[in-house]
file entry07.csv (CSV, N, CA and C atoms)
chain,number,residue,atom,x,y,z
A,49,MET,N,-18.1,-21.6,-1.2
A,49,MET,CA,-17.1,-21.6,-0.1
A,49,MET,C,-15.8,-21.0,-0.6
A,50,ALA,N,-15.1,-20.4,0.3
A,50,ALA,CA,-13.8,-19.7,0.0
A,50,ALA,C,-12.8,-20.7,-0.5
A,51,SER,N,-12.9,-21.9,-0.1
A,51,SER,CA,-11.9,-22.9,-0.5
A,51,SER,C,-12.1,-23.3,-1.9
A,52,ASP,N,-13.2,-23.1,-2.5
A,52,ASP,CA,-13.5,-23.4,-3.9
A,52,ASP,C,-13.1,-22.3,-4.9
A,53,ILE,N,-12.6,-21.2,-4.4
A,53,ILE,CA,-12.3,-20.0,-5.2
A,53,ILE,C,-10.9,-20.3,-5.9
A,54,GLU,N,-10.9,-20.0,-7.2
A,54,GLU,CA,-9.6,-20.2,-7.9
A,54,GLU,C,-8.5,-19.2,-7.4
A,55,TRP,N,-7.3,-19.7,-7.5
A,55,TRP,CA,-6.2,-18.9,-7.0
A,55,TRP,C,-6.0,-17.6,-7.8
A,56,GLU,N,-6.3,-17.7,-9.1
A,56,GLU,CA,-6.2,-16.5,-10.0
A,56,GLU,C,-7.0,-15.3,-9.4
A,57,LEU,N,-8.1,-15.6,-8.8
A,57,LEU,CA,-8.9,-14.5,-8.3
A,57,LEU,C,-8.2,-13.8,-7.1
A,58,TYR,N,-7.6,-14.6,-6.3
A,58,TYR,CA,-6.8,-14.0,-5.2
A,58,TYR,C,-5.6,-13.3,-5.7
A,59,ARG,N,-5.0,-13.9,-6.7
A,59,ARG,CA,-3.8,-13.2,-7.3
A,59,ARG,C,-4.1,-11.8,-7.8
A,60,ALA,N,-5.2,-11.7,-8.5
A,60,ALA,CA,-5.7,-10.4,-9.0
A,60,ALA,C,-6.0,-9.5,-7.9
A,61,PHE,N,-6.6,-10.0,-6.8
A,61,PHE,CA,-7.0,-9.2,-5.7
A,61,PHE,C,-5.7,-8.6,-5.0
A,62,LEU,N,-4.7,-9.5,-4.8
A,62,LEU,CA,-3.5,-9.0,-4.2
A,62,LEU,C,-2.7,-8.0,-5.1
A,63,GLY,N,-2.8,-8.2,-6.4
A,63,GLY,CA,-2.2,-7.3,-7.3
A,63,GLY,C,-2.8,-5.9,-7.2
A,64,VAL,N,-4.1,-5.9,-7.1
A,64,VAL,CA,-4.8,-4.6,-7.0
A,64,VAL,C,-4.4,-3.9,-5.7
A,65,LEU,N,-4.4,-4.7,-4.6
A,65,LEU,CA,-4.0,-4.2,-3.3
A,65,LEU,C,-2.6,-3.5,-3.4
A,66,ARG,N,-1.7,-4.2,-4.0
A,66,ARG,CA,-0.3,-3.7,-4.2
A,66,ARG,C,-0.2,-2.5,-5.1
A,67,GLU,N,-0.9,-2.5,-6.2
A,67,GLU,CA,-0.7,-1.5,-7.2
A,67,GLU,C,-1.7,-0.4,-7.1
A,68,GLY,N,-2.8,-0.6,-6.6
A,68,GLY,CA,-3.8,0.4,-6.4
A,68,GLY,C,-4.7,0.7,-7.6
A,69,SER,N,-4.6,-0.1,-8.6
A,69,SER,CA,-5.4,0.0,-9.8
A,69,SER,C,-5.5,-1.3,-10.6
A,70,LEU,N,-6.5,-1.4,-11.4
A,70,LEU,CA,-6.6,-2.6,-12.3
A,70,LEU,C,-5.5,-2.6,-13.3
A,71,SER,N,-5.2,-1.4,-13.9
A,71,SER,CA,-4.1,-1.4,-14.9
A,71,SER,C,-2.8,-1.7,-14.4
A,72,GLY,N,-2.5,-1.1,-13.2
A,72,GLY,CA,-1.2,-1.4,-12.6
A,72,GLY,C,-1.0,-2.9,-12.2
A,73,SER,N,-2.1,-3.4,-11.7
A,73,SER,CA,-2.1,-4.9,-11.4
A,73,SER,C,-1.9,-5.7,-12.6
A,74,ALA,N,-2.6,-5.3,-13.7
A,74,ALA,CA,-2.5,-6.1,-14.9
A,74,ALA,C,-1.0,-6.1,-15.5
A,75,ARG,N,-0.4,-4.9,-15.4
A,75,ARG,CA,1.0,-4.8,-15.9
A,75,ARG,C,1.9,-5.7,-15.0
A,76,ALA,N,1.7,-5.6,-13.7
A,76,ALA,CA,2.6,-6.4,-12.8
A,76,ALA,C,2.4,-7.9,-12.9
A,77,LEU,N,1.1,-8.3,-13.3
A,77,LEU,CA,0.8,-9.7,-13.4
A,77,LEU,C,1.0,-10.2,-14.8
A,78,GLY,N,1.2,-9.3,-15.7
A,78,GLY,CA,1.3,-9.8,-17.1
A,78,GLY,C,0.0,-10.3,-17.8
A,79,VAL,N,-1.1,-9.7,-17.4
A,79,VAL,CA,-2.4,-10.1,-17.9
A,79,VAL,C,-3.1,-8.8,-18.4
A,80,ALA,N,-4.2,-8.9,-19.0
A,80,ALA,CA,-5.0,-7.8,-19.5
A,80,ALA,C,-5.8,-7.2,-18.4
A,81,GLN,N,-6.0,-5.9,-18.5
A,81,GLN,CA,-6.8,-5.2,-17.5
A,81,GLN,C,-8.2,-5.7,-17.3
A,82,PRO,N,-8.9,-6.0,-18.4
A,82,PRO,CA,-10.3,-6.6,-18.2
A,82,PRO,C,-10.2,-7.9,-17.4
A,83,THR,N,-9.2,-8.7,-17.6
A,83,THR,CA,-9.1,-9.9,-16.8
A,83,THR,C,-9.0,-9.7,-15.4
A,84,VAL,N,-8.2,-8.7,-15.0
A,84,VAL,CA,-8.0,-8.4,-13.5
A,84,VAL,C,-9.4,-7.9,-13.0
A,85,GLY,N,-10.1,-7.1,-13.8
A,85,GLY,CA,-11.4,-6.6,-13.3
A,85,GLY,C,-12.4,-7.7,-13.2
A,86,ARG,N,-12.4,-8.6,-14.1
A,86,ARG,CA,-13.3,-9.8,-14.0
A,86,ARG,C,-13.0,-10.7,-12.8
A,87,HIS,N,-11.7,-10.8,-12.6
A,87,HIS,CA,-11.3,-11.7,-11.4
A,87,HIS,C,-11.7,-11.0,-10.1
A,88,VAL,N,-11.4,-9.7,-10.0
A,88,VAL,CA,-11.8,-9.1,-8.7
A,88,VAL,C,-13.3,-9.1,-8.5
A,89,ALA,N,-14.1,-8.9,-9.6
A,89,ALA,CA,-15.5,-8.9,-9.5
A,89,ALA,C,-16.0,-10.3,-9.2
A,90,ALA,N,-15.4,-11.3,-9.7
A,90,ALA,CA,-15.8,-12.7,-9.4
A,90,ALA,C,-15.5,-13.0,-7.9
A,91,LEU,N,-14.3,-12.6,-7.4
A,91,LEU,CA,-14.0,-12.8,-6.0
A,91,LEU,C,-15.0,-12.1,-5.1
A,92,GLU,N,-15.3,-10.9,-5.4
A,92,GLU,CA,-16.3,-10.1,-4.6
A,92,GLU,C,-17.6,-10.9,-4.6
A,93,LYS,N,-18.1,-11.4,-5.8
A,93,LYS,CA,-19.3,-12.1,-5.9
A,93,LYS,C,-19.3,-13.4,-5.1
A,94,ALA,N,-18.2,-14.1,-5.2
A,94,ALA,CA,-18.0,-15.4,-4.5
A,94,ALA,C,-18.0,-15.2,-3.0
A,95,LEU,N,-17.4,-14.1,-2.5
A,95,LEU,CA,-17.4,-13.9,-1.1
A,95,LEU,C,-18.5,-13.1,-0.5
A,96,GLY,N,-19.3,-12.4,-1.5
A,96,GLY,CA,-20.4,-11.6,-1.0
A,96,GLY,C,-19.9,-10.3,-0.3
A,97,LEU,N,-18.7,-9.8,-0.8
A,97,LEU,CA,-18.1,-8.6,-0.2
A,97,LEU,C,-17.8,-7.6,-1.2
A,98,VAL,N,-17.7,-6.4,-0.8
A,98,VAL,CA,-17.1,-5.3,-1.7
A,98,VAL,C,-15.7,-5.1,-1.2
A,99,LEU,N,-14.7,-5.4,-2.1
A,99,LEU,CA,-13.3,-5.3,-1.7
A,99,LEU,C,-12.7,-4.0,-2.0
A,100,PHE,N,-13.2,-3.3,-3.0
A,100,PHE,CA,-12.6,-2.0,-3.4
A,100,PHE,C,-13.7,-1.0,-3.8
A,101,THR,N,-13.4,0.3,-3.5
A,101,THR,CA,-14.2,1.4,-3.9
A,101,THR,C,-13.4,2.2,-4.9
A,102,ARG,N,-14.1,2.7,-5.9
A,102,ARG,CA,-13.4,3.5,-6.9
A,102,ARG,C,-13.2,5.0,-6.4
A,103,SER,N,-12.1,5.6,-6.7
A,103,SER,CA,-11.9,7.0,-6.4
A,103,SER,C,-11.1,7.6,-7.5
A,104,GLN,N,-10.9,8.9,-7.5
A,104,GLN,CA,-10.1,9.6,-8.5
A,104,GLN,C,-8.7,9.1,-8.6
A,105,THR,N,-8.2,8.6,-7.5
A,105,THR,CA,-6.8,8.2,-7.4
A,105,THR,C,-6.6,6.7,-7.7
A,106,GLY,N,-7.7,6.0,-7.9
A,106,GLY,CA,-7.6,4.5,-8.1
A,106,GLY,C,-8.6,3.7,-7.3
A,107,LEU,N,-8.3,2.5,-7.0
A,107,LEU,CA,-9.2,1.7,-6.2
A,107,LEU,C,-8.7,1.7,-4.8
A,108,LEU,N,-9.6,2.0,-3.9
A,108,LEU,CA,-9.3,2.0,-2.5
A,108,LEU,C,-9.8,0.7,-1.8
A,109,PRO,N,-9.0,0.0,-1.1
A,109,PRO,CA,-9.4,-1.2,-0.4
A,109,PRO,C,-10.4,-0.9,0.7
A,110,THR,N,-11.4,-1.7,0.9
A,110,THR,CA,-12.3,-1.6,2.0
A,110,THR,C,-11.8,-2.4,3.2
A,111,GLU,N,-12.5,-2.2,4.3
A,111,GLU,CA,-12.0,-3.0,5.5
A,111,GLU,C,-12.1,-4.5,5.2
A,112,ALA,N,-13.0,-4.9,4.4
A,112,ALA,CA,-13.1,-6.4,4.0
A,112,ALA,C,-11.8,-6.8,3.3
A,113,ALA,N,-11.3,-5.9,2.4
A,113,ALA,CA,-10.1,-6.3,1.7
A,113,ALA,C,-8.9,-6.4,2.6
A,114,PHE,N,-8.8,-5.5,3.6
A,114,PHE,CA,-7.7,-5.6,4.5
A,114,PHE,C,-7.8,-6.8,5.4
A,115,ALA,N,-9.0,-7.2,5.7
A,115,ALA,CA,-9.3,-8.4,6.5
A,115,ALA,C,-8.9,-9.7,5.7
A,116,LEU,N,-9.2,-9.6,4.4
A,116,LEU,CA,-8.9,-10.8,3.6
A,116,LEU,C,-7.4,-11.0,3.2
A,117,ARG,N,-6.7,-9.9,3.2
A,117,ARG,CA,-5.3,-10.0,2.8
A,117,ARG,C,-4.5,-11.1,3.4
A,118,PRO,N,-4.5,-11.2,4.7
A,118,PRO,CA,-3.6,-12.3,5.3
A,118,PRO,C,-4.1,-13.7,4.9
A,119,HIS,N,-5.3,-13.9,4.5
A,119,HIS,CA,-5.8,-15.2,4.1
A,119,HIS,C,-5.6,-15.5,2.7
A,120,ALA,N,-5.3,-14.4,1.9
A,120,ALA,CA,-5.1,-14.6,0.4
A,120,ALA,C,-3.7,-15.0,0.2

call {"tool": "encode", "arguments": {"input": "entry07.csv", "output": "structure tokens"}}
result
Amino acid sequence: MASDIEWELYRAFLGVLREGSLSGSARALGVAQPTVGRHVAALEKALGLVLFTRSQTGLLPTEAAFALRPHA
């Protein structure tokens, strides 16, 4: 259930939305880049959604990510 998801996962998700990359989010949040990657992957798994797609310019949010943003 979404209510059982730890807040750190949503924090990483919002950081990637703002910064556009795992490394940018990690810098902004003061954590390691692999931690942000693990948190985003865990959130995607918990929700059963793909939240970002990789591109040459960074991570692009999917429609699911935009829909989740107000709830995060």

call {"tool": "residues_around", "arguments": {"input": "entry07.csv", "residues": "Gly106 in chain A", "least_positions_apart": "5", "cutoff": "6.5 Å", "atoms": "all atoms listed in the file", "output": "VMD selection string"}}
result
chain A and resid 68 to 69 101

call {"tool": "closest_residue", "arguments": {"input": "entry07.csv", "among": "A:Val88, A:Leu116, A:Ala74, A:Leu107", "to": "Glu56 in chain A", "atoms": "only N, CA and C atoms"}}
result
A:Val88

call {"tool": "select_by_dssp", "arguments": {"input": "entry07.csv", "residues": "chain A", "states": "helix (DSSP H, G or I)", "output": "VMD selection string"}}
result
chain A and resid 50 to 52 55 to 67 70 to 77 81 to 95 111 to 119

call {"tool": "atom_distance", "arguments": {"input": "entry07.csv", "atom1": "CA of Ser103 in chain A", "atom2": "CA of Glu54 in chain A"}}
result
27.3 Å

call {"tool": "residues_around", "arguments": {"input": "entry07.csv", "residues": "range 76-81 of chain A", "least_positions_apart": "6", "cutoff": "8 Å", "atoms": "all atoms listed in the file", "output": "list in words"}}
result
Arg59, Ala60, Gly63, Leu70 and His87 of chain A

call {"tool": "closest_residue", "arguments": {"input": "entry07.csv", "among": "A:Phe61, A:Arg75, A:Pro82, A:Arg66", "to": "Leu99 in chain A", "atoms": "only C-alpha atoms"}}
result
A:Phe61

call {"tool": "atom_distance", "arguments": {"input": "entry07.csv", "atom1": "atom C of Arg86 in chain A", "atom2": "atom C of Thr110 in chain A"}}
result
18.1 Å

call {"tool": "residues_around", "arguments": {"input": "entry07.csv", "residues": "Asp52 in chain A", "least_positions_apart": "3", "cutoff": "12 Å", "atoms": "only C-alpha atoms", "output": "PyMOL selection string"}}
result
chain A and resi 49+55-58+91+94-95

call {"tool": "atom_distance", "arguments": {"input": "entry07.csv", "atom1": "CA of Val64 in chain A", "atom2": "CA of Val84 in chain A"}}
result
8.2 Å

call {"tool": "axis_aligned_box", "arguments": {"input": "entry07.csv", "around": "range 56-75 of chain A", "padding_each_side": "4 Å", "output": "AutoDock Vina command-line options"}}
result
--center_x -3.5 --center_y -8.5 --center_z -9.6 --size_x 18.8 --size_y 26.4 --size_z 20.6

call {"tool": "select_by_dssp", "arguments": {"input": "entry07.csv", "residues": "chain A", "states": "strand (DSSP E)", "output": "PyMOL selection string"}}
result
chain A and resi 100-103+106-109

call {"tool": "closest_residue", "arguments": {"input": "entry07.csv", "among": "A:Gln104, A:Val98, A:Pro109, A:Ser71", "to": "Gly85 in chain A", "atoms": "only C-alpha atoms"}}
result
A:Ser71
